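Notes follow once the structure below has been shown.
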Amino acid sequence: AGFHKSSKGSSRHSQWSTLGELLLKWQVSERDYMAAQIYGTKKNNKDKMMGEGLLRSAEEVPFRLSSNSVDDSYIVTSGLYYQHDFLDKSKLEVSYGFNTNGNTLDGDRMEAYSGGEEHRYLFEYDNKRTSMNLELNYSKQWADGSSFTAGSNTRWIKDKLDQVSEQVPLFKHNRYDEYFFASYASKVGELRYMLSAGLEGIWLEAGGERNNYWRPRFAVSGNYSINKKNSVRLNYSLTNSSPSVGQLNPYNTSSDPLVINRGNHKLTPEQRHSVSLNYRLRTGRFSLTPFTANYLHYT
């Protein structure tokens, strides 16, 4: 109560960036195709602000303020893709990706009051991430319109977040994901349907804590054509959303001395059930959906 602080000033922002990319494609054989890509970018942002203000509490005290920050980041990523077409009109796809990126953020804020009192706040971050992704996908289609797909996805992530200015312990985040899935789509009379099921395994280490779990995924959808003008569609899906690095980081990541922002390294995935039903009407060249119902449930 009785505390009021106001300030005004001017700021300046400058930035520069570089970008490079190389893409290669080649036909290995009549049924084999490959592609490779490498991409890199570097960005630098600088901000500077100067101004003056007035602090009113027991008395009015003028002050000068200034702040500086330098944000420097880079990304280097590469990918490799391979496709093989079988004689039975099925195909195999393999894609591999590797990524490394980093960011440093240095800054300070200073407030100098009359009478020689001075407040200075420093913040310095040094963050790095390395990740890898491998995806295998086999698909086949039949003459009647039916299709089958199966595959796997492997992902590995390694993060290091260092809040240098606060001298807190280095936050390390390591994660390994494995996902297997299969789906089938076909038609019975006027009913088109799709079934998909998967199983995801996650091994996680964050802030010195380890956790691992298996989570299912499932989806089913059906579209029934009553006649040429009327159709009904029903969908259900079960998915899981894992916590992000920011949600797991147990250390304060706020640059505002009046705000504390911490994550919880013991978080587990959020499970999401989704059901939707809609009715569609075709009138000439137009398509209308006069009725739609959705239900979502989170755990």
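Order determines the names: the first chain of the structure tokens is A, the second B, and so forth; residues in each chain are numbered 1 upward, and ligands are numbered 1 upward as they are shown.
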Review point. What's the 12 Å shell around Phe291 (chain A), counting only C-alpha atoms, without same-chain residues fewer than 6 positions away, as a PyMOL selection string?
Key: chain A and resi 230-233+276-281
Please write the residues from the selection above to a file, keeping C-alpha atoms, as a PDB file, in the first residue's frame.
ATOM      1  CA  ASN A 230     -26.842 -36.995 -46.195  1.00  0.00           C
ATOM      2  CA  SER A 231     -23.968 -38.491 -44.208  1.00  0.00           C
ATOM      3  CA  VAL A 232     -23.007 -38.986 -40.555  1.00  0.00           C
ATOM      4  CA  ARG A 233     -19.472 -39.159 -39.136  1.00  0.00           C
ATOM      5  CA  SER A 276     -17.003 -35.998 -32.118  1.00  0.00           C
ATOM      6  CA  LEU A 277     -20.219 -36.526 -34.075  1.00  0.00           C
ATOM      7  CA  ASN A 278     -21.405 -34.492 -37.034  1.00  0.00           C
ATOM      8  CA  TYR A 279     -24.105 -34.570 -39.687  1.00  0.00           C
ATOM      9  CA  ARG A 280     -23.409 -33.297 -43.205  1.00  0.00           C
ATOM     10  CA  LEU A 281     -25.878 -32.198 -45.870  1.00  0.00           C
TER      11      LEU A 281
END
Please build the interface table for region 147-266 of chain A against region 128-143 of chain A with a cut-off of 8 Å, listing for each qualifying residue the nearest atom pair and the distance in Å to one decimal; count only C-alpha atoms, order rows by chain and increasing number, and write it as a Markdown table.
| residue | atom | partner | partner_atom | distance |
| --- | --- | --- | --- | --- |
| A:Ser147 | CA | A:Gln141 | CA | 4.3 |
| A:Phe148 | CA | A:Lys140 | CA | 5.3 |
| A:Thr149 | CA | A:Ser139 | CA | 4.3 |
| A:Ala150 | CA | A:Tyr138 | CA | 5.4 |
| A:Gly151 | CA | A:Asn137 | CA | 4.3 |
| A:Ser152 | CA | A:Leu136 | CA | 5.3 |
| A:Asn153 | CA | A:Glu135 | CA | 4.5 |
| A:Thr154 | CA | A:Leu134 | CA | 5.1 |
| A:Arg155 | CA | A:Asn133 | CA | 4.5 |
| A:Trp156 | CA | A:Met132 | CA | 5.2 |
| A:Ile157 | CA | A:Ser131 | CA | 4.4 |
| A:Lys158 | CA | A:Thr130 | CA | 5.2 |
| A:Asp159 | CA | A:Arg129 | CA | 4.5 |
| A:Lys160 | CA | A:Lys128 | CA | 5.2 |
| A:Leu161 | CA | A:Lys128 | CA | 6.6 |
Would you mind exporting N, CA and C atoms of the selected residues as a compact mmCIF listing (two decimals), in the first residue's frame?
# COMPACT_ATOMS: atom_id res chain seq x y z
N SER A 147 -6.68 -50.08 -47.00
CA SER A 147 -5.27 -49.73 -46.80
C SER A 147 -4.82 -50.16 -45.42
N PHE A 148 -3.53 -50.45 -45.31
CA PHE A 148 -2.92 -50.86 -44.04
C PHE A 148 -1.61 -50.11 -43.87
N THR A 149 -1.36 -49.65 -42.66
CA THR A 149 -0.13 -48.93 -42.34
C THR A 149 0.39 -49.39 -40.99
N ALA A 150 1.70 -49.60 -40.90
CA ALA A 150 2.32 -49.98 -39.63
C ALA A 150 3.72 -49.37 -39.59
N GLY A 151 4.18 -49.10 -38.38
CA GLY A 151 5.51 -48.52 -38.29
C GLY A 151 5.92 -48.23 -36.86
N SER A 152 7.02 -47.51 -36.75
CA SER A 152 7.55 -47.15 -35.44
C SER A 152 8.24 -45.79 -35.53
N ASN A 153 8.36 -45.16 -34.38
CA ASN A 153 9.03 -43.87 -34.27
C ASN A 153 9.91 -43.88 -33.04
N THR A 154 11.18 -43.57 -33.24
CA THR A 154 12.15 -43.52 -32.14
C THR A 154 12.68 -42.11 -32.02
N ARG A 155 12.67 -41.58 -30.79
CA ARG A 155 13.14 -40.20 -30.58
C ARG A 155 14.01 -40.13 -29.34
N TRP A 156 15.08 -39.36 -29.44
CA TRP A 156 16.00 -39.17 -28.33
C TRP A 156 16.31 -37.69 -28.20
N ILE A 157 16.24 -37.16 -26.97
CA ILE A 157 16.47 -35.74 -26.73
C ILE A 157 17.40 -35.58 -25.53
N LYS A 158 18.33 -34.66 -25.65
CA LYS A 158 19.23 -34.32 -24.55
C LYS A 158 19.29 -32.81 -24.41
N ASP A 159 18.88 -32.29 -23.25
CA ASP A 159 18.88 -30.85 -22.99
C ASP A 159 19.79 -30.51 -21.82
N LYS A 160 20.44 -29.35 -21.92
CA LYS A 160 21.20 -28.78 -20.81
C LYS A 160 20.81 -27.32 -20.68
N LEU A 161 20.24 -26.97 -19.55
CA LEU A 161 19.83 -25.60 -19.29
C LEU A 161 20.62 -25.07 -18.10
Practice item. Could you check how far CA of Val275 (chain A) sits from CA of Asp177 (chain A), in Å to one decimal? Key: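 It comes out at 26.5 Å.
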Exercise for review: Write out as a ChimeraX atom specification the residues lying within 10 Å of region 40-45 of chain A, counting only C-alpha atoms and excluding same-chain residues fewer than 5 positions away.
Suggested key: /A:13-22,69-78,99-105
**Study point:** Residue among A:Gln163, A:Ser237, A:Ser66, A:Ser6 lying closest to Asn252 (chain A), counting only C-alpha atoms
**Key:**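 Nearest to Asn252 (chain A): A:Gln163.
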**Study point:** Distance query His4 (chain A) at most 10 Å, only C-alpha atoms, self and fewer than 3 positions along chain excluded, as a list in words
**Key:**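 So, after excluding close chain neighbours, the residues are Ala1, Leu54, Leu55, Arg56, Ser57 and Glu60 of chain A.
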Point to revise | Which of region 50-254 of chain A fall in strand (DSSP E), as number ranges by chain | key: A: 50-56, 60-85, 90-113, 118-141, 147-163, 171-188, 191-206, 209-225, 230-241
Practice item. Could you check which of A:Tyr33, A:Trp203, A:Tyr295, A:Tyr121 is closest to Val94 (chain A), using only C-alpha atoms? Key: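 Ranked by minimum distance to Val94 (chain A), first place goes to A:Tyr33.
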For Glu124 (chain A), find every residue with an atom within 9 Å (counting only C-alpha atoms), except residues of its own chain fewer than 4 positions away, and show them as a PDB file with all heavy atoms, in the first residue's frame.
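As a result, out09.pdb now contains:
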ATOM      1  N   THR A 104      22.336 -18.564 -25.981  1.00  0.00           N
ATOM      2  CA  THR A 104      22.879 -17.835 -24.826  1.00  0.00           C
ATOM      3  C   THR A 104      22.130 -16.512 -24.713  1.00  0.00           C
ATOM      4  O   THR A 104      21.865 -15.849 -25.720  1.00  0.00           O
ATOM      5  CB  THR A 104      24.384 -17.563 -24.973  1.00  0.00           C
ATOM      6  OG1 THR A 104      24.622 -16.813 -26.178  1.00  0.00           O
ATOM      7  CG2 THR A 104      25.167 -18.855 -25.025  1.00  0.00           C
ATOM      8  N   LEU A 105      21.782 -16.153 -23.494  1.00  0.00           N
ATOM      9  CA  LEU A 105      21.061 -14.915 -23.231  1.00  0.00           C
ATOM     10  C   LEU A 105      21.731 -14.214 -22.052  1.00  0.00           C
ATOM     11  O   LEU A 105      21.764 -14.743 -20.938  1.00  0.00           O
ATOM     12  CB  LEU A 105      19.591 -15.203 -22.907  1.00  0.00           C
ATOM     13  CG  LEU A 105      18.730 -14.006 -22.490  1.00  0.00           C
ATOM     14  CD1 LEU A 105      18.675 -12.965 -23.598  1.00  0.00           C
ATOM     15  CD2 LEU A 105      17.330 -14.467 -22.116  1.00  0.00           C
ATOM     16  N   ASP A 106      22.297 -13.047 -22.303  1.00  0.00           N
ATOM     17  CA  ASP A 106      22.965 -12.251 -21.273  1.00  0.00           C
ATOM     18  C   ASP A 106      22.269 -10.901 -21.175  1.00  0.00           C
ATOM     19  O   ASP A 106      21.982 -10.261 -22.199  1.00  0.00           O
ATOM     20  CB  ASP A 106      24.446 -12.026 -21.621  1.00  0.00           C
ATOM     21  CG  ASP A 106      25.207 -13.331 -21.759  1.00  0.00           C
ATOM     22  OD1 ASP A 106      24.803 -14.296 -21.101  1.00  0.00           O
ATOM     23  OD2 ASP A 106      26.173 -13.375 -22.532  1.00  0.00           O
ATOM     24  N   GLY A 107      22.025 -10.450 -19.947  1.00  0.00           N
ATOM     25  CA  GLY A 107      21.381  -9.157 -19.786  1.00  0.00           C
ATOM     26  C   GLY A 107      21.533  -8.608 -18.388  1.00  0.00           C
ATOM     27  O   GLY A 107      21.946  -9.303 -17.458  1.00  0.00           O
ATOM     28  N   ASP A 108      21.208  -7.325 -18.252  1.00  0.00           N
ATOM     29  CA  ASP A 108      21.250  -6.683 -16.944  1.00  0.00           C
ATOM     30  C   ASP A 108      20.233  -5.552 -16.919  1.00  0.00           C
ATOM     31  O   ASP A 108      19.836  -5.020 -17.963  1.00  0.00           O
ATOM     32  CB  ASP A 108      22.651  -6.149 -16.642  1.00  0.00           C
ATOM     33  CG  ASP A 108      23.029  -5.002 -17.560  1.00  0.00           C
ATOM     34  OD1 ASP A 108      22.676  -3.850 -17.250  1.00  0.00           O
ATOM     35  OD2 ASP A 108      23.659  -5.268 -18.610  1.00  0.00           O
ATOM     36  N   ASP A 162      21.398 -24.035 -18.338  1.00  0.00           N
ATOM     37  CA  ASP A 162      22.273 -23.499 -17.291  1.00  0.00           C
ATOM     38  C   ASP A 162      21.924 -22.031 -17.040  1.00  0.00           C
ATOM     39  O   ASP A 162      22.089 -21.180 -17.914  1.00  0.00           O
ATOM     40  CB  ASP A 162      23.736 -23.629 -17.725  1.00  0.00           C
ATOM     41  CG  ASP A 162      24.698 -23.373 -16.579  1.00  0.00           C
ATOM     42  OD1 ASP A 162      24.217 -23.184 -15.445  1.00  0.00           O
ATOM     43  OD2 ASP A 162      25.908 -23.374 -16.816  1.00  0.00           O
ATOM     44  N   GLN A 163      21.412 -21.748 -15.849  1.00  0.00           N
ATOM     45  CA  GLN A 163      21.146 -20.373 -15.439  1.00  0.00           C
ATOM     46  C   GLN A 163      22.383 -19.871 -14.696  1.00  0.00           C
ATOM     47  O   GLN A 163      22.487 -19.960 -13.476  1.00  0.00           O
ATOM     48  CB  GLN A 163      19.898 -20.312 -14.562  1.00  0.00           C
ATOM     49  CG  GLN A 163      19.401 -18.893 -14.308  1.00  0.00           C
ATOM     50  CD  GLN A 163      18.058 -18.869 -13.603  1.00  0.00           C
ATOM     51  OE1 GLN A 163      17.442 -19.904 -13.433  1.00  0.00           O
ATOM     52  NE2 GLN A 163      17.622 -17.695 -13.194  1.00  0.00           N
ATOM     53  N   VAL A 164      23.345 -19.343 -15.455  1.00  0.00           N
ATOM     54  CA  VAL A 164      24.664 -18.999 -14.927  1.00  0.00           C
ATOM     55  C   VAL A 164      24.568 -17.923 -13.854  1.00  0.00           C
ATOM     56  O   VAL A 164      25.247 -17.986 -12.821  1.00  0.00           O
ATOM     57  CB  VAL A 164      25.585 -18.547 -16.074  1.00  0.00           C
ATOM     58  CG1 VAL A 164      26.984 -18.234 -15.538  1.00  0.00           C
ATOM     59  CG2 VAL A 164      25.648 -19.612 -17.165  1.00  0.00           C
ATOM     60  N   SER A 165      23.742 -16.912 -14.068  1.00  0.00           N
ATOM     61  CA  SER A 165      23.702 -15.769 -13.167  1.00  0.00           C
ATOM     62  C   SER A 165      23.231 -16.129 -11.757  1.00  0.00           C
ATOM     63  O   SER A 165      23.654 -15.529 -10.781  1.00  0.00           O
ATOM     64  CB  SER A 165      22.778 -14.687 -13.743  1.00  0.00           C
ATOM     65  OG  SER A 165      21.485 -15.224 -14.006  1.00  0.00           O
ATOM     66  N   GLU A 166      22.350 -17.112 -11.634  1.00  0.00           N
ATOM     67  CA  GLU A 166      21.833 -17.498 -10.322  1.00  0.00           C
ATOM     68  C   GLU A 166      22.679 -18.580  -9.651  1.00  0.00           C
ATOM     69  O   GLU A 166      22.405 -18.966  -8.514  1.00  0.00           O
ATOM     70  CB  GLU A 166      20.387 -17.997 -10.455  1.00  0.00           C
ATOM     71  CG  GLU A 166      19.420 -16.935 -10.944  1.00  0.00           C
ATOM     72  CD  GLU A 166      19.287 -15.777  -9.982  1.00  0.00           C
ATOM     73  OE1 GLU A 166      19.326 -16.023  -8.758  1.00  0.00           O
ATOM     74  OE2 GLU A 166      19.162 -14.630 -10.441  1.00  0.00           O
TER      75      GLU A 166
END
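Between CA of Asn211 (chain A) and CA of His265 (chain A) lies a distance of 9.4 Å.
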**Study point:** Distance query His297 (chain A) at most 9 Å, only C-alpha atoms, self and fewer than 6 positions along chain excluded, as a ChimeraX atom specification
**Key:** /A:271-275
Study note, to complete from the structure: Students should find that CA of Val28 (chain A) and CA of Phe86 (chain A) are spaced 14.4 Å
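If only C-alpha atoms are the atoms counted, then among A:Val188, A:Leu234, A:Leu122, A:Ala35 the closest residue to Pro257 (chain A) is A:Leu122.
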